[in-house]
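J.: Below you will find the structure I want to go over with you.
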Amino acid sequence: MATYYIDPSAASDGTGTFASPYNDWSPVTGNIAAYTTAGNTYLGKEGTTWTSGTGNLNLAAANLTFGTYDATTGDQISDGNRRTTLDFSACTATRCIRGDATTDNLVIDSLHIIGSNTTDIINTTSGQSGLTVRNCKLIGTGANATSKNEGIYHLGGGPVYILNNDISKTNSGIWVQPDTGDTVSTEVSLINNNRIHDLAGTTAGDGDGIFIGTIGSFNIDHDYKFFISGNYITGYQENAIDILQNEIICENNDIGAGDGTNGVSGINVGVSGDYGSNNIIRNNYIHDITLPANTAKAPLRNRGGINNKYYNNIISNVSNGTATVGLFNYTSGESGSWSMYNNSIIDCQCEYLIRMTTTGTITGEFYNNIITGCTVDTNRFYLNDTDAVLAYGNNCFQTGLPGDSSALGTLTDAGDNITGDPKLNSDHTLQASSPCIGAGTAPLSEMDHDGKYRKTLSNDIGAKWFDAHEDSTVERLLASGGTS
């Protein structure tokens with residue numbers, strides 16, 4: 001194992017040391033050896049730019065690390081504000097940086113990488129396991145209708161750590177799609193705190209901010225160890241987040257406006273069959289989205305899969321025009337359930353509030369939700385199949401919502417619903433006079449949208465609870481019979 005240094009402004013006869021760095025990242029055009037020795041580290045000088053020409057970097061060894069070094073000390077930098085630049089804008093290969101099946105535990109840290117419109121920027125192939133990409137800035141050069149052209153395209157297994165990156169102008173931002181035999185279920189995997197924006201996908205099925213799927217007809221169960229958390233996503237062309245695997249936690253993401261012409265969804269879960277089941281979608285903020293006239297798109301969309309839970313989400317200022325779709329759109333051919341608890345739906349426009357279309361027996365639960373300031377054009381609840389079953393209770397509905405259409409399904413009013421003004425503050429918290437305080441049933445989580453705990457044992461309606469407390473011991477003390 002060795003560390004090699006690259007400075008594009010250095011002399012061409014460098015030996016790769018800090019004192020005498022290489023001046024070229026390419027084994028083809030420079031003095032650096034092929035990336036075939038396991039455990040090596042390759043660092044570019046902070047603030048410099050290397051231009052690849054038409055070639056790319058092919059990696060073929062495990063435990064490789066790529067990053068940036070401090071020009072004064074030679075120390076490796078792990079900082080999203082301090083990077084070296086690799087410019088692949090003239091690259092004609094299909095990937096800028098490609099890891100083959102041997103490149104397990106690949107680490108790419110604090111690089112600024114400019115791609116071309118014919119390539120994925122970072123790509124790993126089937127059979128590879130373990131990828132870390134952090135503190136990087138990845139910029140594509142526009143759409144390509146015939147190529148995936150992703151920022152990060154990972155076909156291997158886990159664990160996966162994609163953290164604190166800025167990704168733009170690629171077809172999709174992050175595409176994790178293990179092949180048959182690969183698994184990411186045995187380790188914690190994180191796609192956290194990335195900024196994904198101004199994507200360029202132009203074809204249907206492309207242009208997701210974050211896509212988690214599989215190749216072939218097999219499912220991956222993650223045992224709730226795979227987190228998609230804290231990402232900011234806007235300017236996506238298809239779905240901001242698309243989840244086609246099982247037992248994933250998708251939380252605390254900020255999803256703004258998309259730019260897609262093929263139809264955009266905020267968070268899509270599942271596809272035909274039971275792909276995308278048993279997932280938790282919580283504490284997300286979905287806002288300021290205008291959906292095109294596409295029946296398949298919604299801010300929250302359960303396209304397939306079963307037993308998914310949606311709670312503590314805020315959906316604000318979303319419009320889907322004349323599309324015959326709900327703010328929550330459920331379709332599935334499998335038998336199972338779904339539940340929506342403690343969501344706040346504010347200032348939205350839609351054809352239906354909830355739309356269920358299913359060929360399997362599906363039982364939905366809709367409890368503790370706030371609906372206020374919305375324009376619902378046709379029905380509050382629309383059950384489009386005889387196998388659709390929906391129970392609702394302890395919600396706060398605005399006045400003037402249209403009636404329900406449940407002639408084909410079974411709709412049950414479980415009672416304790418409120419009609420009127422929920423009395424929200426501008427930050428969507430409950431005012432002291434809100435009728436939603438203490439009017440809910442037991443929530444699915446002991447924390448609200450902001451990650452705060454109940455200060456009393458009352459169950460509030462909505463995503464943000466009244467007088468919530470940051471210290472979990474308060475609720476636990478009350479639950480055990482103590483006093484605050």
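Chain labels run A, B, ... following the order of the structure tokens; each chain numbers its residues from 1, and ligands are numbered from 1 in the order shown.
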For region 332-348 of chain A, work out the shell of residues within 7 Å, counting only C-alpha atoms and skipping chain neighbours fewer than 6 positions away, then give it as a ChimeraX atom specification.
T.: /A:272-274,303-319,357-375,443-444,461-463
J.: Enumerate the residues of region 215-367 of chain A with a DSSP assignment of strand (DSSP E or B), computed from the backbone, and present them as an MDAnalysis selection string.
T.: chainID A and resid 221:229 232:233 239:243 246:251 254:255 265:269 280:282 285:290 300:302 308:311 314:319 326:332 336:341 344:346 349:358 362:367
J.: Quick one: of A:Lys464, A:Arg83, A:Arg134, A:His287, who's nearest to Gly44 (chain A), counting only C-alpha atoms?
T.: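 Looking only at the distances to Gly44 (chain A), the closest residue turns out to be A:Arg83.
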J.: Measure the distance from CA of Ile122 (chain A) to CA of Val269 (chain A) in Å and round it to one decimal.
T.: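 Between CA of Ile122 (chain A) and CA of Val269 (chain A) the gap is 25.0 Å.
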J.: Hey, what's within 10 Å of region 432-434 of chain A if we count only C-alpha atoms and toss same-chain stuff fewer than 4 positions away? As an mmCIF file with C-alpha atoms, in the first residue's frame, please?
T.:
```cif
data_model
loop_
_atom_site.group_PDB
_atom_site.id
_atom_site.type_symbol
_atom_site.label_atom_id
_atom_site.label_comp_id
_atom_site.auth_asym_id
_atom_site.auth_seq_id
_atom_site.Cartn_x
_atom_site.Cartn_y
_atom_site.Cartn_z
ATOM 1 C CA ASP A 421 -59.155 25.529 10.987
ATOM 2 C CA PRO A 422 -56.231 23.627 12.580
ATOM 3 C CA LYS A 423 -54.728 26.973 13.668
ATOM 4 C CA LEU A 424 -51.164 26.572 12.502
ATOM 5 C CA ASN A 425 -48.251 28.936 12.937
ATOM 6 C CA GLY A 438 -54.664 16.076 22.122
ATOM 7 C CA ALA A 439 -57.215 15.131 19.448
ATOM 8 C CA ASP A 460 -51.655 15.639 18.586
ATOM 9 C CA ILE A 461 -52.863 15.786 14.989
ATOM 10 C CA PHE A 466 -47.611 21.325 20.293
ATOM 11 C CA ASP A 467 -44.978 22.142 22.896
#
```
J.: Would you work out the distance separating CA of Asp13 (chain A) from CA of Pro27 (chain A), expressed in Å to one decimal?
T.: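 CA of Asp13 (chain A) sits 13.6 Å away from CA of Pro27 (chain A).
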J.: Determine the nearest neighbour of Asp427 (chain A) from the options A:Asp450, A:Ile289, A:His222, A:Asp208, counting only C-alpha atoms.
T.: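 The closest residue to Asp427 (chain A) is A:Asp450.
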J.: For Ile241 (chain A), which of A:Ile114, A:Leu408, A:Leu59, A:Val264 is the closest residue, counting only C-alpha atoms?
T.: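 Closest candidate: A:Val264.
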J.: For Thr17 (chain A), list every protein, DNA or RNA residue within 9 Å, evaluated using only C-alpha atoms, and leave out those in the same chain fewer than 3 positions away; present the list as a list in words.
T.: Thr3, Tyr4, Tyr5, Ile6, Gly14, Ser20, Pro21 and Tyr22 of chain A
J.: Quick one: residues within 7 Å of Ile108 (chain A), only C-alpha atoms, excluding same-chain residues fewer than 3 positions away - as number ranges by chain?
T.: A: 65-67, 132-134
J.: Between CA of Thr441 (chain A) and CA of Asp413 (chain A), what is the spacing in Å?
T.: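 Going from CA of Asp413 (chain A) over to CA of Thr441 (chain A), I get 13.9 Å.
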J.: Set the distance at 9 Å and use only C-alpha atoms: which residues neighbour Asn268 (chain A) once local chain neighbours fewer than 4 positions away are removed? I'd like the list as a list in words.
T.: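 Neighbouring residues, sequence-local ones excluded: Asn239, Ala240, Ile241, Asp242, Ile243, Leu244, Lys297, Ala298, Pro299, Leu300, Arg301, Asn302 and Arg303 of chain A.
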J.: Taking only C-alpha atoms into account, which of A:Thr49, A:Thr410, A:Asn164, A:Ser445 comes nearest Ala10 (chain A)?
T.: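 Of all the options, A:Thr49 lies closest to Ala10 (chain A).
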J.: Here is a test: counting only C-alpha atoms, which residue of A:Ile152, A:Val188, A:Ala2, A:Val376 is nearest to Asn63 (chain A)?
T.: A:Ala2
J.: Which is closest to Asn56 (chain A) among A:Gln128, A:Asn123, A:Asn40, A:Ser9, if we use only C-alpha atoms?
T.: A:Asn123
J.: Write out as number ranges by chain the residues lying within 9 Å of Cys96 (chain A), counting only C-alpha atoms and excluding same-chain residues fewer than 3 positions away.
T.: A: 55-58, 88, 91-93, 113-116, 119-123
